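Data first, discussion second: the structure below is written as structure tokens.
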Amino acid sequence: MIIQAQTGRLKGIVLDDYNLPVANVNIMVLDQATVTDATGFYQMTIPSGKKLTVTFTHISLKKVTATIVLRQNEDYEFNIQMNSVAEQMDEVIIVKGQRRRAEGITIIEPEIIRRIPGANAGVENIIKTLPGVYSNNELSTQYAVRGGNYDENLVYVNEIEVYRPFLVRSGQQEGLSFTNTDLVQNVDFSAGGFQAKYGDKLSSVLDITYRRPTKFAASAEVSLLGGSLSAEAVSKNQKWAAIAGVRYRDNSLLVNSQETETNFKPKFADFQANITYDASTRWQWSFLGNIAQNRYDYTPLSRQTNFGTIDEPIALQVFYEGQEKDRYDTYFGAIKSTFQATDNTTLKFIASAYSTLEQEYFDIFAGYFLGEVDSSIGSDSFGDIKFSRAIGTQLNHARNDLDAVIVNAEVKGFHKLDENEIEWGFKYTREDIRDRVVEWEVIDSAGFSINPPFSGSYNDQPYTPYKGPLVPYQNVRAMNSTIIDRLSGFVQWNRKSTIGEHQVWYNAGVRAHNWTVDDQINPTKNQTVFSPRAQFAIKPDWDKDMVFRVSGGLYHQPPSYRELRDADAKVISDVKAQQSIHLVLSNDYSFKLWDRPFKLISEAYYKSMSDVNTYTLDNVRIRYRADNNAEAYAYGADVRLNGEFVPGTESWLSFGYLKTEENIDDRGFIARPTDQRLKFGVLFQDYMPALPNVKLYLNLVYNTGLPGGSPSYADSYLYQSRLRDYRRADVGFNYVFTDNNNSRPEGHWLKKFKDLSAGLEIFNLFNNQNSITNTWVRDVYTKNQYGIPNYMTTRVFNFKISARL
């Protein structure tokens with residue numbers, strides 16, 4: 001037995017030819033062994049004062065050996081780069097990441113995230129190109145997965161769950177995603193059938209790991225949309241390591257391309273830091289902190305939207321008065337401690353706190369004209385409204401404030417027992433939320449105020465004089481003070497084994513979640529749910545390199561505060577957890593084409609949902625009915641082909657088919673708000689053969705239309721129209737100044753840079769008109785309601801410069 005006084009610690013990161021981390025590298029010293037994790041990081045305690053041989057082996061990379069002598073209690077960092085080897089037996093191609101393949105995890109490389117253009121570039125921008133992931137809003141970082149909504153996706157950074165603001169109602173208000181891509185080391189994504197160790201959501205998991213620095217580095221980027229700056233460093237004794245980044249975002253360039261003319265002054269900024277400290281060879285501490293301040297000042301001026309048909313073109317013309325002032329201040333901090341009790345046992349403690357102060361204030365008066373458009377080519381008034389069918393006004397008012405504090409404390413354990421692995425965790429969460437909602441809307445059509453349809457008073461002006469009181473068409477007022485206490489936990493078993501010559505992976509686990517809602521008005525409500533989950537994967541001993549996987553289980557989503565609020569913003573404490581039975585079948589096929597690596601992933605899935613909490617979707621604002629009065633289903637298929645279409649670059653093509661419907665109060669199945677049938681996505685990287693320093697990056701998405709929603713208080717069964725298809729292409733051209741750095745002499749000024757590039761980005765290359773929602777307008781003469789599409793951004797040009805030291 002080796003005692004602490006006679007040992008030192010060896011640690012580091014293993015990279016491949018492209019400086020990307022390599023998982024599952026075996027490291028051997030004497031009779032001790034360990035493997036690198038998903039970030040390529042390893043650490044092990046070895047005898048000190050002896051000359052030892054360290055061997056690094058990987059199934060698809062060349063072996064590396066090194067001789068090392070550690071001093072007593074030394075903490076030595078040894079980073080290596082392993083070269084690839086063409087290792088092929090008959091037609092079997094050896095690839096890395098077998099465990100991620102077995103779990104159904106999609107791995108996204110950070111370099112791709114940083115390079116690919118998008119109106120909201122970052123992790124979510126890449127996620128939206130994957131099959132099964134849908135979004136019709138380039139100004140939003142939110143996405144829907146396989147029929148779920150924006151609230152059904154888990155996001156972790158360094159194993160810590162992160163949150164987003166509550167009051168945001170449109171994508172242009174969101175500002176910055178929590179994830180700072182300059183700090184990212186590893187990104188894993190699962191679109192369904194995920195393991196019990198992940199939390200209680202119905203749709204997906206995005207698991208992000210921030211980089212652990214090994215030496216000083218820095219990066220900077222500046223563009224017409226803002227800028228970012230990051231730096232990382234380690235202490236001389238290698239015990240301390242820190243990485244931090246600051247970002248600023250201004251969406252004026254994008255928002256000013258929309259149909260509504262505005263005075264828009266957005267200010268989105270945040271600061272993030274991740275600090276690690278090695279207290280000993282077995283004990284590590286880390287801190288993750290984030291401060292974000294978003295200011296959204298909006299003064300609309302006018303808008304004209306043409307719609308209708310060629311034979312009967314119609315236009316909506318709106319003139320505005322008033323303004324909107326929103327702010328979202330969020331503060332987040334987390335401490336994580338990892339203790340390696342033995343070589344086979346690791347314990348973790350995580351504590352985090354999230355605080356958000358939000359306000360949403362607006363008073364906007366809109367006068368609209370709905371009329372016929374002059375479509376006579378050559379006419380002096382071509383495109384103008386020549387006859388008004390309807391004249392109306394509306395006044396929207398809001399004074400919404402929210403103050404929320406969410407604290408978490410969690411203990412997790414990992415134990416390796418021969419070929420078996422046991423993971424467990426227990427977590428306590430307390431959510432303290434104080435919320436004031438004051439919203440009302442007054443609608444006036446041709447000088448006659450319109451009462452809400454359920455007010456009990458029929459307004460037949462001007463034919464019959466109306467003598468009743470004038471009331472807002474929509475009026476939502478609530479004052480909530482809610483505390484939610486949650487206890488959750490999981491235990492799961494993993495095993496890698498063989499059946500004959502075939503490799504197999506097993507996973508089985510169960511989650512439990514208990515929550516208590518106290519809103520000081522309704523009786524306190526306590527509920528508990530259990531969620532068993534399992535996965536099985538097999539890699540047959542075939543010539544073709546394939547992995548087959550089946551996964552699923554019973555998934556619950558205990559209601560968050562947003563899900564507890566009904567359409568009138570009142571808290572309903574006895575809302576049940578939505579539940580869904582998942583079944584996912586998949587095939588992962590790795591092969592070589594043109595002597596380059598490729599992978600084809602195919603998945604089919606089915607979800608049966610009960611106790612569904614139905615909702616309406618307006619831009620990115622979700623308003624729940626909070627009554628669990630529906631059942632639903634979702635099924636579909638996803639296919640993704642990725643590989644080196646161009647040597648040395650990764651690109652992919654994705655296709656998804658989805659159908660999801662809900663049955664509310666046994667009235668029959670209708671399309672859910674996220675029923676987006678077809679999806680095509682392309683992410684492509686290339687370079688110009690004549691100018692190899694010029695790189696091209698293409699991000700293309702096509703989605704069929706979403707259901708168009710319905711007017712306020714209307715019966716959704718009567719409004720089943722769809723928005724037009726979403727078509728968008730973003731392209732970027734970068735000139736890389738450091739491509740020839742290897743051939744430059746020492747001392748050349750470009751040698752200081754790992755990367756220095758300047759680029760031009762074109763968002764919405766083909767200038768497609770994409771809509772996110774409908775504005776519903778009444779025609780006073782025909783009594784009809786028209787759904788006028790709210791169009792997104794047009795073609796926009798952006799210039800940026802980026803540098804990395």
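Following the order of the structure tokens, chains are lettered A, B, ..., residues in each are numbered from 1, and ligands are numbered from 1.
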message: Please return, as a list in words, all residues of range 531-585 of chain A that DSSP assigns to helix (DSSP H, G or I) on the basis of the backbone.
response: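 DSSP-assigned helix (DSSP H, G or I) residues in range 531-585 of chain A: Tyr561, Arg562, Glu563 and Leu564 of chain A.
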query: Residues at most 6 Å from range 716-724 of chain A, counting only C-alpha atoms, excluding those fewer than 5 positions away in the same chain, as a PyMOL selection string?
result: chain A and resi 705-708+710
Output N, CA and C atoms of each residue in that selection to a file, as a PDB file, in the first residue's frame.
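result06.pdb, written as the output of this step:
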ATOM      1  N   GLY A 705     -43.634  24.851 -41.275  1.00  0.00           N
ATOM      2  CA  GLY A 705     -44.282  25.848 -40.430  1.00  0.00           C
ATOM      3  C   GLY A 705     -44.876  25.296 -39.153  1.00  0.00           C
ATOM      4  N   LEU A 706     -44.779  26.098 -38.111  1.00  0.00           N
ATOM      5  CA  LEU A 706     -45.412  25.791 -36.833  1.00  0.00           C
ATOM      6  C   LEU A 706     -46.884  26.188 -36.868  1.00  0.00           C
ATOM      7  N   PRO A 707     -47.719  25.622 -35.972  1.00  0.00           N
ATOM      8  CA  PRO A 707     -49.077  26.147 -35.817  1.00  0.00           C
ATOM      9  C   PRO A 707     -49.037  27.640 -35.494  1.00  0.00           C
ATOM     10  N   GLY A 708     -49.964  28.412 -36.068  1.00  0.00           N
ATOM     11  CA  GLY A 708     -49.920  29.869 -35.970  1.00  0.00           C
ATOM     12  C   GLY A 708     -50.510  30.461 -34.720  1.00  0.00           C
ATOM     13  N   SER A 710     -53.462  31.356 -31.753  1.00  0.00           N
ATOM     14  CA  SER A 710     -54.834  31.855 -31.781  1.00  0.00           C
ATOM     15  C   SER A 710     -54.901  33.171 -31.028  1.00  0.00           C
TER      16      SER A 710
END
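Closest approach to Gln359 in chain A from the set A:Ser170, A:Ser280, A:Asn400, A:Gln195 is made by A:Asn400, with distances taken over only C-alpha atoms.
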Residues of range 111-130 of chain A at most 12 Å from range 781-800 of chain A: nearest atom pair and distance in Å, only C-alpha atoms, as a Markdown table:
| residue | atom | partner | partner_atom | distance |
| --- | --- | --- | --- | --- |
| A:Arg115 | CA | A:Lys800 | CA | 11.3 |
| A:Pro117 | CA | A:Asn798 | CA | 9.9 |
| A:Gly118 | CA | A:Asn798 | CA | 10.2 |
| A:Ala119 | CA | A:Val796 | CA | 9.0 |
Quick one: residues within 12 Å of Tyr687 in chain A, only C-alpha atoms, excluding same-chain residues fewer than 4 positions away - as a tab-separated table (two decimals) with all heavy atoms, in the first residue's frame?
chain	number	residue	atom	x	y	z
A	645	PHE	N	-16.37	15.92	-45.18
A	645	PHE	CA	-16.72	16.14	-46.58
A	645	PHE	C	-15.59	16.89	-47.29
A	645	PHE	O	-15.34	16.69	-48.47
A	645	PHE	CB	-18.03	16.93	-46.68
A	645	PHE	CG	-19.24	16.16	-46.24
A	645	PHE	CD1	-19.66	16.19	-44.91
A	645	PHE	CD2	-19.95	15.40	-47.14
A	645	PHE	CE1	-20.77	15.49	-44.50
A	645	PHE	CE2	-21.07	14.68	-46.74
A	645	PHE	CZ	-21.48	14.71	-45.41
A	646	VAL	N	-14.94	17.78	-46.54
A	646	VAL	CA	-13.72	18.44	-46.99
A	646	VAL	C	-12.61	17.99	-46.04
A	646	VAL	O	-12.78	18.03	-44.82
A	646	VAL	CB	-13.88	19.97	-46.95
A	646	VAL	CG1	-12.56	20.65	-47.32
A	646	VAL	CG2	-14.99	20.41	-47.89
A	647	PRO	N	-11.47	17.50	-46.55
A	647	PRO	CA	-10.43	16.96	-45.67
A	647	PRO	C	-10.04	17.94	-44.56
A	647	PRO	O	-9.83	19.13	-44.80
A	647	PRO	CB	-9.25	16.72	-46.63
A	647	PRO	CG	-9.90	16.52	-47.96
A	647	PRO	CD	-11.10	17.41	-47.97
A	648	GLY	N	-10.00	17.41	-43.33
A	648	GLY	CA	-9.57	18.20	-42.18
A	648	GLY	C	-10.65	19.04	-41.54
A	648	GLY	O	-10.37	19.74	-40.56
A	649	THR	N	-11.88	18.99	-42.04
A	649	THR	CA	-12.98	19.76	-41.46
A	649	THR	C	-14.17	18.85	-41.23
A	649	THR	O	-14.42	17.92	-42.00
A	649	THR	CB	-13.41	20.92	-42.37
A	649	THR	OG1	-13.96	20.40	-43.58
A	649	THR	CG2	-12.23	21.82	-42.70
A	691	LEU	N	-7.05	29.96	-52.53
A	691	LEU	CA	-6.71	30.81	-51.38
A	691	LEU	C	-7.00	30.01	-50.10
A	691	LEU	O	-8.03	30.19	-49.46
A	691	LEU	CB	-7.55	32.09	-51.41
A	691	LEU	CG	-7.33	33.04	-52.59
A	691	LEU	CD1	-8.38	34.13	-52.58
A	691	LEU	CD2	-5.93	33.66	-52.51
A	692	PRO	N	-6.10	29.10	-49.73
A	692	PRO	CA	-6.37	28.23	-48.57
A	692	PRO	C	-6.54	28.98	-47.26
A	692	PRO	O	-7.08	28.43	-46.31
A	692	PRO	CB	-5.13	27.30	-48.54
A	692	PRO	CG	-4.08	28.03	-49.31
A	692	PRO	CD	-4.79	28.83	-50.34
A	693	ASN	N	-6.08	30.23	-47.20
A	693	ASN	CA	-6.27	31.01	-45.98
A	693	ASN	C	-7.71	31.48	-45.81
A	693	ASN	O	-8.10	31.93	-44.74
A	693	ASN	CB	-5.35	32.24	-45.97
A	693	ASN	CG	-3.91	31.87	-45.69
A	693	ASN	OD1	-3.37	31.01	-46.37
A	693	ASN	ND2	-3.29	32.51	-44.72
A	694	VAL	N	-8.51	31.39	-46.87
A	694	VAL	CA	-9.91	31.82	-46.81
A	694	VAL	C	-10.78	30.61	-46.49
A	694	VAL	O	-10.82	29.64	-47.24
A	694	VAL	CB	-10.35	32.47	-48.13
A	694	VAL	CG1	-11.83	32.85	-48.07
A	694	VAL	CG2	-9.50	33.69	-48.44
A	695	LYS	N	-11.46	30.67	-45.35
A	695	LYS	CA	-12.33	29.59	-44.90
A	695	LYS	C	-13.79	29.99	-45.08
A	695	LYS	O	-14.15	31.16	-44.90
A	695	LYS	CB	-12.09	29.27	-43.42
A	695	LYS	CG	-10.62	29.17	-43.03
A	695	LYS	CD	-9.91	28.02	-43.69
A	695	LYS	CE	-8.46	27.91	-43.22
A	695	LYS	NZ	-7.72	26.84	-43.88
A	696	LEU	N	-14.61	29.02	-45.40
A	696	LEU	CA	-16.05	29.25	-45.57
A	696	LEU	C	-16.81	28.41	-44.56
A	696	LEU	O	-16.52	27.22	-44.38
A	696	LEU	CB	-16.49	28.91	-46.99
A	696	LEU	CG	-17.98	29.07	-47.30
A	696	LEU	CD1	-18.17	29.55	-48.73
A	696	LEU	CD2	-18.75	27.75	-47.11
A	697	TYR	N	-17.79	29.01	-43.90
A	697	TYR	CA	-18.62	28.31	-42.93
A	697	TYR	C	-20.08	28.59	-43.26
A	697	TYR	O	-20.49	29.75	-43.40
A	697	TYR	CB	-18.32	28.78	-41.51
A	697	TYR	CG	-16.85	28.71	-41.16
A	697	TYR	CD1	-16.08	29.87	-41.11
A	697	TYR	CD2	-16.24	27.50	-40.89
A	697	TYR	CE1	-14.73	29.81	-40.80
A	697	TYR	CE2	-14.89	27.44	-40.58
A	697	TYR	CZ	-14.15	28.59	-40.54
A	697	TYR	OH	-12.81	28.53	-40.23
A	698	LEU	N	-20.87	27.53	-43.39
A	698	LEU	CA	-22.28	27.65	-43.78
A	698	LEU	C	-23.16	26.99	-42.73
A	698	LEU	O	-22.90	25.86	-42.30
A	698	LEU	CB	-22.51	27.00	-45.14
A	698	LEU	CG	-23.96	26.96	-45.64
A	698	LEU	CD1	-24.48	28.37	-45.91
A	698	LEU	CD2	-24.08	26.08	-46.89
A	732	GLY	N	-20.35	32.53	-43.43
A	732	GLY	CA	-19.22	33.32	-42.96
A	732	GLY	C	-17.98	33.06	-43.80
A	732	GLY	O	-17.71	31.92	-44.19
A	733	PHE	N	-17.23	34.12	-44.08
A	733	PHE	CA	-15.96	34.02	-44.79
A	733	PHE	C	-14.87	34.57	-43.87
A	733	PHE	O	-14.94	35.72	-43.45
A	733	PHE	CB	-15.98	34.82	-46.10
A	733	PHE	CG	-17.04	34.37	-47.06
A	733	PHE	CD1	-18.30	34.96	-47.05
A	733	PHE	CD2	-16.80	33.37	-47.98
A	733	PHE	CE1	-19.28	34.57	-47.93
A	733	PHE	CE2	-17.78	32.96	-48.87
A	733	PHE	CZ	-19.03	33.56	-48.84
A	734	ASN	N	-13.87	33.75	-43.57
A	734	ASN	CA	-12.79	34.15	-42.69
A	734	ASN	C	-11.46	34.09	-43.42
A	734	ASN	O	-11.16	33.09	-44.10
A	734	ASN	CB	-12.72	33.23	-41.46
A	734	ASN	CG	-13.50	33.79	-40.30
A	734	ASN	OD1	-14.38	34.61	-40.48
A	734	ASN	ND2	-13.19	33.32	-39.09
A	735	TYR	N	-10.67	35.12	-43.26
A	735	TYR	CA	-9.29	35.06	-43.74
A	735	TYR	C	-8.40	34.82	-42.51
A	735	TYR	O	-8.35	35.63	-41.59
A	735	TYR	CB	-8.88	36.36	-44.43
A	735	TYR	CG	-7.51	36.26	-45.07
A	735	TYR	CD1	-7.37	35.81	-46.38
A	735	TYR	CD2	-6.35	36.57	-44.35
A	735	TYR	CE1	-6.11	35.70	-46.97
A	735	TYR	CE2	-5.10	36.46	-44.92
A	735	TYR	CZ	-4.98	36.02	-46.23
A	735	TYR	OH	-3.73	35.88	-46.80
A	736	VAL	N	-7.71	33.68	-42.51
A	736	VAL	CA	-6.90	33.26	-41.37
A	736	VAL	C	-5.45	33.65	-41.63
A	736	VAL	O	-4.80	33.10	-42.52
A	736	VAL	CB	-7.03	31.75	-41.13
A	736	VAL	CG1	-6.21	31.34	-39.90
A	736	VAL	CG2	-8.50	31.36	-40.95
A	739	ASP	N	-2.48	30.73	-40.76
A	739	ASP	CA	-2.48	29.39	-41.36
A	739	ASP	C	-1.07	28.89	-41.67
A	739	ASP	O	-0.81	27.69	-41.62
A	739	ASP	CB	-3.31	29.41	-42.65
A	739	ASP	CG	-4.54	28.52	-42.53
A	739	ASP	OD1	-4.90	28.16	-41.39
A	739	ASP	OD2	-5.14	28.19	-43.57
message: Using DSSP assignments from the backbone, pull out every residue in range 278-390 of chain A that falls under strand (DSSP E) and give it to me as a ChimeraX atom specification.
response: /A:278,283-308,313-342,345-373,385-390
field: Closest of A:Trp424, A:Asp566, A:Gly413, A:Asn263 to Ala478 in chain A - atom-to-atom distances counting only C-alpha atoms
entry: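 The answer is A:Asp566, which sits nearest to Ala478 in chain A.
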message: If I take CA of Arg621 in chain A and CA of Gly148 in chain A, how far is one from the other in Å, to one decimal?
response: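 Pair CA of Arg621 in chain A / CA of Gly148 in chain A returns 14.2 Å.
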- prompt: Separation of CA of Glu358 in chain A and CA of Asp568 in chain A, in Å?
  reply: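 For CA of Glu358 in chain A relative to CA of Asp568 in chain A, the distance reads 19.1 Å.
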- line: note - CA of Asn83 in chain A and CA of Leu15 in chain A are separated by 8.8 Å
